[in-house]
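Everything below belongs to start11.pdb, which stores PDB, C-alpha atoms.
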ATOM      1  CA  MET S   1     187.083 128.184  29.013
ATOM      2  CA  LYS S   2     187.719 131.899  28.708
ATOM      3  CA  ASN S   3     184.012 132.491  28.001
ATOM      4  CA  GLU S   4     182.972 130.521  31.081
ATOM      5  CA  ARG S   5     184.999 132.576  33.564
ATOM      6  CA  PRO S   6     183.073 135.891  33.189
ATOM      7  CA  ILE S   7     179.784 133.983  33.389
ATOM      8  CA  LEU S   8     180.974 132.199  36.541
ATOM      9  CA  VAL S   9     182.087 135.503  38.144
ATOM     10  CA  PHE S  10     178.826 137.232  37.178
ATOM     11  CA  THR S  11     176.743 134.335  38.549
ATOM     12  CA  SER S  12     178.719 134.273  41.804
ATOM     13  CA  ILE S  13     178.342 138.019  42.334
ATOM     14  CA  SER S  14     174.634 137.827  41.485
ATOM     15  CA  LEU S  15     174.035 135.006  43.949
ATOM     16  CA  LEU S  16     176.015 136.819  46.627
ATOM     17  CA  ALA S  17     174.044 140.031  46.063
ATOM     18  CA  LEU S  18     170.778 138.104  46.099
ATOM     19  CA  ALA S  19     171.737 136.437  49.385
ATOM     20  CA  ILE S  20     172.635 139.780  50.957
ATOM     21  CA  PHE S  21     169.470 141.559  49.825
ATOM     22  CA  THR S  22     167.095 138.757  50.788
ATOM     23  CA  SER S  23     168.645 138.230  54.212
ATOM     24  CA  TYR S  24     168.327 141.921  55.121
ATOM     25  CA  HIS S  25     165.507 142.491  57.593
ATOM     26  CA  THR S  26     163.201 145.113  56.172
ATOM     27  CA  PRO S  27     162.165 147.763  58.712
ATOM     28  CA  GLN S  28     158.749 148.176  57.058
ATOM     29  CA  VAL S  29     157.246 145.534  59.348
ATOM     30  CA  ASP S  30     158.639 147.369  62.365
ATOM     31  CA  ARG S  31     157.296 150.689  61.087
ATOM     32  CA  VAL S  32     153.840 149.213  60.646
ATOM     33  CA  SER S  33     153.736 147.757  64.163
ATOM     34  CA  GLU S  34     155.244 150.959  65.592
ATOM     35  CA  THR S  35     152.630 153.045  63.807
ATOM     36  CA  GLU S  36     149.853 150.745  64.994
ATOM     37  CA  TYR S  37     150.974 150.962  68.586
ATOM     38  CA  LEU S  38     151.296 154.758  68.405
ATOM     39  CA  ILE S  39     147.747 154.886  67.055
ATOM     40  CA  GLU S  40     146.657 152.563  69.867
ATOM     41  CA  ILE S  41     148.232 154.945  72.405
ATOM     42  CA  GLU S  42     146.352 157.926  70.967
ATOM     43  CA  ASN S  43     143.068 155.992  70.863
ATOM     44  CA  TYR S  44     143.551 154.829  74.446
ATOM     45  CA  LYS S  45     144.326 158.392  75.552
ATOM     46  CA  ARG S  46     141.011 159.538  74.047
ATOM     47  CA  GLU S  47     139.148 156.638  75.680
ATOM     48  CA  VAL S  48     140.724 157.374  79.067
ATOM     49  CA  ALA S  49     139.933 161.088  78.741
ATOM     50  CA  ALA S  50     136.269 160.249  78.126
ATOM     51  CA  ARG S  51     136.135 157.839  81.074
ATOM     52  CA  ILE S  52     137.877 160.334  83.356
ATOM     53  CA  ALA S  53     135.472 163.063  82.235
ATOM     54  CA  ILE S  54     132.492 160.897  83.223
ATOM     55  CA  ASP S  55     133.975 160.125  86.636
ATOM     56  CA  SER S  56     134.924 163.785  87.125
ATOM     57  CA  ARG S  57     131.342 164.782  86.383
ATOM     58  CA  ARG S  58     130.125 162.213  88.910
ATOM     59  CA  MET S  59     132.562 163.596  91.486
ATOM     60  CA  THR S  60     131.346 167.137  90.881
ATOM     61  CA  GLU S  61     127.715 166.114  91.348
ATOM     62  CA  LEU S  62     128.531 164.067  94.423
ATOM     63  CA  ASN S  63     130.434 167.002  95.883
ATOM     64  CA  ALA S  64     127.422 169.249  95.247
ATOM     65  CA  ARG S  65     125.230 166.736  97.051
ATOM     66  CA  PHE S  66     127.644 166.782  99.979
ATOM     67  CA  VAL S  67     127.306 170.542 100.189
ATOM     68  CA  ILE S  68     123.507 170.387 100.021
ATOM     69  CA  LYS S  69     123.152 167.667 102.636
ATOM     70  CA  LYS S  70     126.181 168.607 104.749
ATOM     71  CA  SER S  71     124.614 167.507 108.021
ATOM     72  CA  LYS S  72     123.996 163.973 106.736
ATOM     73  CA  ILE S  73     127.442 163.316 105.245
ATOM     74  CA  GLU S  74     130.306 161.995 107.271
ATOM     75  CA  LYS S  75     133.675 163.712 107.097
ATOM     76  CA  ASP S  76     135.268 160.419 106.001
ATOM     77  CA  ASP S  77     133.178 160.418 102.831
ATOM     78  CA  GLU S  78     134.299 163.938 101.962
ATOM     79  CA  ASP S  79     137.924 162.965 102.590
ATOM     80  CA  GLU S  80     137.531 159.891 100.396
ATOM     81  CA  LEU S  81     136.060 162.008  97.594
ATOM     82  CA  ALA S  82     138.943 164.489  97.882
ATOM     83  CA  MET S  83     141.411 161.595  97.639
ATOM     84  CA  LEU S  84     139.615 160.232  94.564
ATOM     85  CA  LYS S  85     139.670 163.680  92.929
ATOM     86  CA  GLU S  86     143.411 163.950  93.523
ATOM     87  CA  LYS S  87     144.007 160.457  92.172
ATOM     88  CA  ILE S  88     141.948 161.047  89.014
ATOM     89  CA  ASN S  89     143.832 164.291  88.336
ATOM     90  CA  GLU S  90     147.152 162.459  88.756
ATOM     91  CA  MET S  91     145.969 159.751  86.355
ATOM     92  CA  ARG S  92     144.875 162.347  83.779
ATOM     93  CA  ILE S  93     148.314 163.972  83.952
ATOM     94  CA  THR S  94     150.071 160.597  83.749
ATOM     95  CA  MET S  95     148.102 159.636  80.632
ATOM     96  CA  ASP S  96     148.557 163.045  78.986
ATOM     97  CA  ASN S  97     152.308 162.952  79.614
ATOM     98  CA  TYR S  98     152.875 159.352  78.482
ATOM     99  CA  ASP S  99     155.549 159.125  75.810
ATOM    100  CA  ALA S 100     155.902 156.133  73.547
ATOM    101  CA  ASN S 101     158.878 154.127  74.801
ATOM    102  CA  GLY S 102     158.353 150.952  72.855
ATOM    103  CA  LEU S 103     155.633 148.385  72.449
ATOM    104  CA  GLU S 104     156.642 146.309  75.482
ATOM    105  CA  ASP S 105     156.694 149.338  77.817
ATOM    106  CA  TRP S 106     153.313 150.404  76.418
ATOM    107  CA  GLY S 107     151.834 146.987  77.266
ATOM    108  CA  PHE S 108     153.057 147.173  80.867
ATOM    109  CA  PHE S 109     151.976 150.799  81.249
ATOM    110  CA  LYS S 110     148.516 150.198  79.783
ATOM    111  CA  GLU S 111     147.846 147.135  81.960
ATOM    112  CA  LYS S 112     148.838 148.920  85.182
ATOM    113  CA  PHE S 113     147.031 152.119  84.201
ATOM    114  CA  GLU S 114     143.856 150.203  83.301
ATOM    115  CA  ASN S 115     143.919 148.396  86.658
ATOM    116  CA  ASP S 116     144.382 151.682  88.536
ATOM    117  CA  LEU S 117     141.634 153.381  86.538
ATOM    118  CA  THR S 118     139.207 150.507  87.141
ATOM    119  CA  GLU S 119     140.018 150.525  90.854
ATOM    120  CA  LEU S 120     139.420 154.284  91.044
ATOM    121  CA  HIS S 121     136.132 153.968  89.144
ATOM    122  CA  GLU S 122     134.923 151.171  91.437
ATOM    123  CA  SER S 123     135.863 153.196  94.531
ATOM    124  CA  LEU S 124     133.876 156.139  93.199
ATOM    125  CA  ILE S 125     130.820 154.009  92.435
ATOM    126  CA  ASN S 126     131.034 152.422  95.915
ATOM    127  CA  LEU S 127     131.220 155.870  97.512
ATOM    128  CA  ILE S 128     128.225 157.028  95.468
ATOM    129  CA  ILE S 129     126.210 154.000  96.511
ATOM    130  CA  LYS S 130     127.326 154.249 100.143
ATOM    131  CA  THR S 131     126.285 157.880 100.397
ATOM    132  CA  SER S 132     123.189 157.592  98.223
ATOM    133  CA  TYR S 133     120.959 156.519 101.081
ATOM    134  CA  SER S 134     121.733 159.606 103.123
ATOM    135  CA  ILE S 135     121.823 162.200 100.343
ATOM    136  CA  ASN S 136     119.298 160.965  97.830
ATOM    137  CA  SER S 137     115.837 160.349  99.143
ATOM    138  CA  ASP S 138     114.238 160.005  95.688
ATOM    139  CA  ASN S 139     116.553 157.092  94.696
ATOM    140  CA  SER S 140     117.675 158.770  91.458
ATOM    141  CA  ILE S 141     121.204 157.612  92.278
ATOM    142  CA  GLN S 142     120.690 154.578  90.023
ATOM    143  CA  ASP S 143     120.329 156.877  86.994
ATOM    144  CA  PHE S 144     123.390 158.827  88.137
ATOM    145  CA  VAL S 145     125.542 155.679  88.419
ATOM    146  CA  ARG S 146     124.510 154.439  84.947
ATOM    147  CA  GLN S 147     125.696 157.607  83.156
TER     148      GLN S 147
END

Could you render the structure as structure tokens?
Amino acid sequence: MKNERPILVFTSISLLALAIFTSYHTPQVDRVSETEYLIEIENYKREVAARIAIDSRRMTELNARFVIKKSKIEKDDEDELAMLKEKINEMRITMDNYDANGLEDWGFFKEKFENDLTELHESLINLIIKTSYSINSDNSIQDFVRQ
């Protein structure tokens, strides 16, 4: 009976330790998902920068066309372009200054940002098409829009 007691104590402690160590939630899974989402943020920032650069280039060319064909362009179109330029600069700053605040916040931010960016892009394309008839007699606007 004396020999059984140390074995019983050792077995109890071992089972207790095993239960504690196996029930502990390992943070490695969290680190992996956190790392993945931080990588996703950086990749999305690069993607957005490229998309904004394309739209900025389109805005610059459209602005140059406005200057060339000033008499044919309505003031409203110039005002709309100025508003789009301001909005795209604000979006660039917002994306550059985004700090990772958790995966859930990132999902909400990305969805709203993507919707705003798509809306801005569509407004720009609509303005280009709307003004193309008055500023582009050779119809090369289709090549410009596809860039």

Q: Provide the atom CA of S:Ile41 to atom CA of S:Trp106 distance in Å, to one decimal place.
A: 7.9 Å

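Note that atom CA of S:Glu122 and atom CA of S:Glu40 are 24.6 Å apart.
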
Q: Rank nothing, just name the residue among S:Arg92, S:Lys87, S:Lys112, S:Arg57 nearest to S:Lys45, using only C-alpha atoms.
A: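 Among the listed residues, S:Arg92 lies closest to S:Lys45.
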
Q. Neighbours of S:Tyr44 within 12 Å (only C-alpha atoms; same-chain residues fewer than 6 positions away dropped), as a ChimeraX atom specification?
A. /S:37-38,50-52,95-96,98,106-107,109-111,113-114

Q) Residues around (138.8, 160.7, 93.8), cut-off 10 Å, counting all atoms listed in the file - what are they as a list in words? A) Asp55, Ser56, Met59, Glu78, Asp79, Glu80, Leu81, Ala82, Met83, Leu84, Lys85, Glu86, Lys87, Ile88, Asn89, Glu90, Leu120, His121, Ser123, Leu124 and Leu127 of chain S

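Comparing the minimum interatomic distances between S:Thr35 and each of S:Glu61, S:Gly102, S:Asn97, S:Ala53, counting all atoms listed in the file, we find that S:Gly102 sits nearest.
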
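The two atoms in question, atom CA of S:Ser132 and atom CA of S:Glu119, are spaced 19.7 Å apart.
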
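Taking only C-alpha atoms into account, S:Glu36 lies nearest to S:Ala100 out of the set S:Leu62, S:Ile129, S:Ile54, S:Ala100.
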
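If you measure from each of S:Ile13, S:Glu34, S:Ile125, S:Met91 to S:Glu104 using all atoms listed in the file, the closest one turns out to be S:Glu34.
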
Hey, can I get the axis-aligned box for stretch 36-39 of chain S? All listed atoms, 4 Å padding on each side, centre and edge lengths in Å to one decimal, as AutoDock Vina command-line options.
--center_x 149.5 --center_y 152.8 --center_z 66.8 --size_x 11.5 --size_y 12.1 --size_z 11.6

Missing atoms in stretch 47-60 of chain S: can you complete it with N, CA, C and O atoms, as a CSV table (one decimal), keeping the file's coordinate frame?
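Okay, this is what ended up in out08.csv:
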chain,number,residue,atom,x,y,z
S,47,GLU,N,140.1,157.5,74.9
S,47,GLU,CA,139.1,156.6,75.7
S,47,GLU,C,139.3,157.0,77.2
S,47,GLU,O,138.3,157.1,77.9
S,48,VAL,N,140.5,157.1,77.7
S,48,VAL,CA,140.7,157.4,79.1
S,48,VAL,C,140.2,158.8,79.4
S,48,VAL,O,139.6,159.0,80.4
S,49,ALA,N,140.4,159.7,78.5
S,49,ALA,CA,139.9,161.1,78.7
S,49,ALA,C,138.4,161.1,78.9
S,49,ALA,O,137.9,161.8,79.7
S,50,ALA,N,137.7,160.3,78.0
S,50,ALA,CA,136.3,160.2,78.1
S,50,ALA,C,135.8,159.6,79.4
S,50,ALA,O,134.9,160.1,80.1
S,51,ARG,N,136.5,158.5,79.8
S,51,ARG,CA,136.1,157.8,81.1
S,51,ARG,C,136.4,158.7,82.3
S,51,ARG,O,135.6,158.8,83.2
S,52,ILE,N,137.5,159.4,82.3
S,52,ILE,CA,137.9,160.3,83.4
S,52,ILE,C,136.9,161.5,83.4
S,52,ILE,O,136.5,161.9,84.5
S,53,ALA,N,136.5,162.0,82.3
S,53,ALA,CA,135.5,163.1,82.2
S,53,ALA,C,134.2,162.6,82.9
S,53,ALA,O,133.5,163.4,83.6
S,54,ILE,N,133.7,161.4,82.6
S,54,ILE,CA,132.5,160.9,83.2
S,54,ILE,C,132.7,160.8,84.7
S,54,ILE,O,131.8,161.3,85.5
S,55,ASP,N,133.8,160.2,85.2
S,55,ASP,CA,134.0,160.1,86.6
S,55,ASP,C,134.2,161.5,87.3
S,55,ASP,O,133.7,161.7,88.4
S,56,SER,N,134.8,162.4,86.6
S,56,SER,CA,134.9,163.8,87.1
S,56,SER,C,133.6,164.4,87.3
S,56,SER,O,133.3,165.1,88.3
S,57,ARG,N,132.7,164.2,86.3
S,57,ARG,CA,131.3,164.8,86.4
S,57,ARG,C,130.6,164.2,87.6
S,57,ARG,O,129.9,164.9,88.3
S,58,ARG,N,130.8,162.9,87.8
S,58,ARG,CA,130.1,162.2,88.9
S,58,ARG,C,130.7,162.8,90.2
S,58,ARG,O,129.9,163.0,91.2
S,59,MET,N,132.0,163.0,90.3
S,59,MET,CA,132.6,163.6,91.5
S,59,MET,C,132.0,165.0,91.8
S,59,MET,O,131.7,165.3,92.9
S,60,THR,N,131.9,165.8,90.7
S,60,THR,CA,131.3,167.1,90.9
S,60,THR,C,129.9,167.1,91.4
S,60,THR,O,129.6,167.8,92.3
